[in-house]
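Quick notes on the structure that follows.
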Amino acid sequence: MGKRQFLGILCVGVVLAAVSGSASGNVIWHDPYLNWDFINQTGVMVNDLDIIVDNPNFSPNLNDPSQVWSVPFPTVALTNLDYDGDGDQDTRVRYSGANVNAGTNAHGGLYMSGSGLVLDAYWTLNGAKVGPSTPVTYERTRVVGDPAIYMELSMGQGFFTDPANSGREAGWTNIRTFVNLPATLLNLPDIGSSLNLSTLSQYEVFPRLGGPTGNVIQPSDIIYAPIGDPLAFADIYLSNIDPEFSNSNYEALLVATVVATGSPPIPTGAFWNLNPQSPEPATLLLLALGGLAAVRRRR
């Protein structure tokens, strides 16, 4: 069974695992602070980047650098429309106002509370789509039981439904994971291509696919995202966490290169996710801290 096919059944396995985890402790979901690098592979200069999310009421504070950030785009705007053609409204997040030459990249970041799934991403020039959709990752962090840290990865299905990408797959490689990071260690500007992972070596753990008994994910492995099911995901187990590290003073990090099929597979960007190891839900955590954690930095 290939890795893409195996991932297609992970949804059922994770639901059962969550039920089992609930028996020995709570299952807590943390809304992610996502960081993406996208490589401009259109062959021409572009000046906007669109990311589409499923919730029409997604409304991050565009004036809050802990909720929305980007390099090199100075402007971010939200628009509601049915972007995926399913009959209901979605939200488009448009980064704009800077030229991105062919072969170079741009970085975007969002606090994803209330976003729903990430559906699609693509480059535009003066608002018009250029080239095919590019792979875009959505993640949410699961804290289970004693606790254990999992990160669930899905790929925006707009990449697969774009006719220009017919027959292509997308996924993740160079997956590396870190736990028990002091919350003061990484600030917003650090979460991106400038982050030197060698400085985090003492915190690195070996990720496993599906759970603590799953196969260790080697850096050279490519975990392909399921096609055709927006609710399917790759379940990445990071580690069990000792109780003294199970609070908002410590965080877990997943880093990956995003690839699409080619010969060899073609890097299309990178992905970073950093989330607290707290046993409290993200919304309650922010309330308890008076929003301090979000203002202090964010991904």
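Naming works like this for the structure tokens: A, B, ... for the chains as they're shown, residue 1 at the start of each chain, ligands 1 onward in shown order.
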request  = Would you please give, as a PyMOL selection string, all residues of stretch 40-273 of chain A that DSSP assigns to helix (DSSP H, G or I) based on the backbone?
outcome  = chain A and resi 158-161+163-165+188-190+197-203+243-245
Do a neighbour search on stretch 56-59 of chain A at 9 Å with only C-alpha atoms, toss out local chain neighbours closer than 6 positions, and write the hits as a PDB file with C-alpha atoms, in the first residue's frame.
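After the write, result-v4.pdb holds the following:
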ATOM      1  CA  LEU A  78     -10.175  40.054   2.606  1.00  0.00           C
ATOM      2  CA  THR A  79     -12.989  39.393   0.108  1.00  0.00           C
ATOM      3  CA  ASN A  80     -16.022  37.073   0.351  1.00  0.00           C
ATOM      4  CA  LEU A  81     -17.206  35.139  -2.705  1.00  0.00           C
ATOM      5  CA  ASP A  82     -17.897  31.561  -3.803  1.00  0.00           C
ATOM      6  CA  ASP A  88     -21.511  28.936  -0.572  1.00  0.00           C
ATOM      7  CA  GLN A  89     -19.276  31.860   0.298  1.00  0.00           C
ATOM      8  CA  ASP A  90     -15.560  31.559   1.026  1.00  0.00           C
ATOM      9  CA  THR A  91     -12.926  34.099   2.071  1.00  0.00           C
ATOM     10  CA  ARG A  92     -10.053  35.193  -0.139  1.00  0.00           C
ATOM     11  CA  MET A 112      -6.153  30.638  11.307  1.00  0.00           C
ATOM     12  CA  SER A 113      -8.749  30.762  14.090  1.00  0.00           C
ATOM     13  CA  GLY A 114     -12.146  30.283  12.427  1.00  0.00           C
ATOM     14  CA  SER A 115     -10.722  29.931   8.928  1.00  0.00           C
ATOM     15  CA  GLY A 116     -12.022  26.487   8.111  1.00  0.00           C
TER      16      GLY A 116
END
| query | Which residues come within 12 Å of A:Ser96, counting only C-alpha atoms, excluding same-chain residues fewer than 4 positions away, as a list in words? | reply |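 Counting only the stated atoms, we get Val46, Asn47, Asp48, Leu49, Asp50, Ile51, Trp69, Ser70, Val71, Pro72, Phe73, Pro74, Thr75, Val76, Ala77, Leu78, Val100, Ala106, His107, Gly108, Trp123, Thr124, Leu125, Asn126, Gly127 and Ala128 of chain A.
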Near-stretch 191-196 of chain A list (9 Å; only C-alpha atoms; drop same-chain fewer than 6 positions) as a list in words:
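With the cut-off at 9 Å, the set is Asn35, Trp36, Asp37, His107, Ala270, Phe271, Trp272, Asn273, Leu274, Arg298 and Arg299 of chain A.
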Those selected residues, please, written with N, CA and C atoms and delivered as a compact mmCIF listing (two decimals), in the first residue's frame.
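Output contents, as saved in result.txt:
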# COMPACT_ATOMS: atom_id res chain seq x y z
N ASN A 35 2.71 29.46 8.58
CA ASN A 35 3.69 30.18 7.78
C ASN A 35 3.94 29.40 6.50
N TRP A 36 3.85 30.09 5.38
CA TRP A 36 4.10 29.46 4.09
C TRP A 36 5.14 30.25 3.30
N ASP A 37 6.00 29.53 2.60
CA ASP A 37 6.77 30.09 1.49
C ASP A 37 6.20 29.51 0.20
N HIS A 107 6.59 35.04 1.30
CA HIS A 107 6.22 34.42 2.57
C HIS A 107 4.93 35.04 3.07
N ALA A 270 7.57 25.99 1.18
CA ALA A 270 7.87 25.41 2.49
C ALA A 270 6.75 25.76 3.45
N PHE A 271 6.75 25.08 4.58
CA PHE A 271 5.67 25.21 5.55
C PHE A 271 6.23 25.10 6.95
N TRP A 272 5.73 25.96 7.84
CA TRP A 272 6.11 25.93 9.25
C TRP A 272 4.85 26.04 10.10
N ASN A 273 4.79 25.27 11.18
CA ASN A 273 3.72 25.46 12.15
C ASN A 273 4.28 25.36 13.56
N LEU A 274 3.96 26.35 14.38
CA LEU A 274 4.40 26.41 15.77
C LEU A 274 3.17 26.59 16.64
N ARG A 298 4.19 35.92 16.97
CA ARG A 298 3.44 34.88 16.34
C ARG A 298 3.82 34.75 14.92
N ARG A 299 4.11 33.66 14.67
CA ARG A 299 4.50 32.80 13.59
C ARG A 299 4.29 33.44 12.24
Near stretch 152-156 of chain A, counting only C-alpha atoms, which residues have an atom at most 9 Å away, once you skip same-chain residues fewer than 6 positions from it, shown as a ChimeraX atom specification? /A:52-53,117-121,134-142,170-171,225-227,230-237
Identify all residues of stretch 168-198 of chain A in strand (DSSP E or B) (DSSP on the backbone) and supply them as a ChimeraX atom specification. /A:170-182
Within 9 Å of A:Asn249 using only C-alpha atoms, minus same-chain residues under 6 positions, as an NGL selection string
:A and (180-184 or 276-278)
Give me the residues within 10 Å of A:Ile222 as a PDB file with N, CA and C atoms, in the first residue's frame, counting only C-alpha atoms and dropping any in the same chain fewer than 6 places off.
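Wrote result_6.pdb, looks like this:
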ATOM      1  N   LYS A   3       2.038   5.272   0.229  1.00  0.00           N
ATOM      2  CA  LYS A   3       1.792   6.225   1.313  1.00  0.00           C
ATOM      3  C   LYS A   3       0.555   7.060   1.051  1.00  0.00           C
ATOM      4  N   ARG A   4       0.299   7.464  -0.194  1.00  0.00           N
ATOM      5  CA  ARG A   4      -0.889   8.270  -0.471  1.00  0.00           C
ATOM      6  C   ARG A   4      -2.140   7.464  -0.167  1.00  0.00           C
ATOM      7  N   ALA A 170       0.628  16.253  -4.729  1.00  0.00           N
ATOM      8  CA  ALA A 170       1.393  17.194  -3.918  1.00  0.00           C
ATOM      9  C   ALA A 170       1.514  16.626  -2.511  1.00  0.00           C
ATOM     10  N   GLY A 171       2.570  16.989  -1.830  1.00  0.00           N
ATOM     11  CA  GLY A 171       2.775  16.476  -0.486  1.00  0.00           C
ATOM     12  C   GLY A 171       3.929  17.171   0.199  1.00  0.00           C
ATOM     13  N   TRP A 172       4.510  16.472   1.175  1.00  0.00           N
ATOM     14  CA  TRP A 172       5.527  17.077   2.038  1.00  0.00           C
ATOM     15  C   TRP A 172       6.740  16.168   2.131  1.00  0.00           C
ATOM     16  N   THR A 173       7.915  16.783   2.180  1.00  0.00           N
ATOM     17  CA  THR A 173       9.158  16.056   2.416  1.00  0.00           C
ATOM     18  C   THR A 173      10.030  16.910   3.341  1.00  0.00           C
ATOM     19  N   ASN A 174      11.167  16.371   3.719  1.00  0.00           N
ATOM     20  CA  ASN A 174      12.041  17.063   4.689  1.00  0.00           C
ATOM     21  C   ASN A 174      11.252  17.446   5.940  1.00  0.00           C
ATOM     22  N   ILE A 175      10.348  16.548   6.370  1.00  0.00           N
ATOM     23  CA  ILE A 175       9.548  16.827   7.567  1.00  0.00           C
ATOM     24  C   ILE A 175      10.435  16.690   8.802  1.00  0.00           C
ATOM     25  N   THR A 257       9.172  20.787   3.583  1.00  0.00           N
ATOM     26  CA  THR A 257       9.212  21.285   2.219  1.00  0.00           C
ATOM     27  C   THR A 257       7.984  20.757   1.490  1.00  0.00           C
ATOM     28  N   VAL A 258       7.308  21.621   0.749  1.00  0.00           N
ATOM     29  CA  VAL A 258       6.130  21.222  -0.021  1.00  0.00           C
ATOM     30  C   VAL A 258       6.567  20.913  -1.447  1.00  0.00           C
ATOM     31  N   VAL A 259       6.107  19.777  -1.979  1.00  0.00           N
ATOM     32  CA  VAL A 259       6.504  19.357  -3.323  1.00  0.00           C
ATOM     33  C   VAL A 259       5.276  18.984  -4.142  1.00  0.00           C
ATOM     34  N   ALA A 260       5.437  19.058  -5.453  1.00  0.00           N
ATOM     35  CA  ALA A 260       4.440  18.553  -6.394  1.00  0.00           C
ATOM     36  C   ALA A 260       5.133  17.577  -7.327  1.00  0.00           C
ATOM     37  N   PRO A 265      10.521  15.141  -8.009  1.00  0.00           N
ATOM     38  CA  PRO A 265       9.489  16.009  -7.439  1.00  0.00           C
ATOM     39  C   PRO A 265       9.959  17.448  -7.320  1.00  0.00           C
TER      40      PRO A 265
END
- Query: So what do you get for atom CA of A:Trp29 versus atom CA of A:Pro267, distance-wise?
  - Reply: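 Atom CA of A:Trp29 sits 29.2 Å away from atom CA of A:Pro267.
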Pairwise distance, atom CA of A:Phe159 with atom CA of A:Ser220, equals 22.8 Å
field: Distance in Å - atom CA of A:Phe206 versus atom CA of A:Gln218
entry: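 Between atom CA of A:Phe206 and atom CA of A:Gln218 the gap is 8.1 Å.
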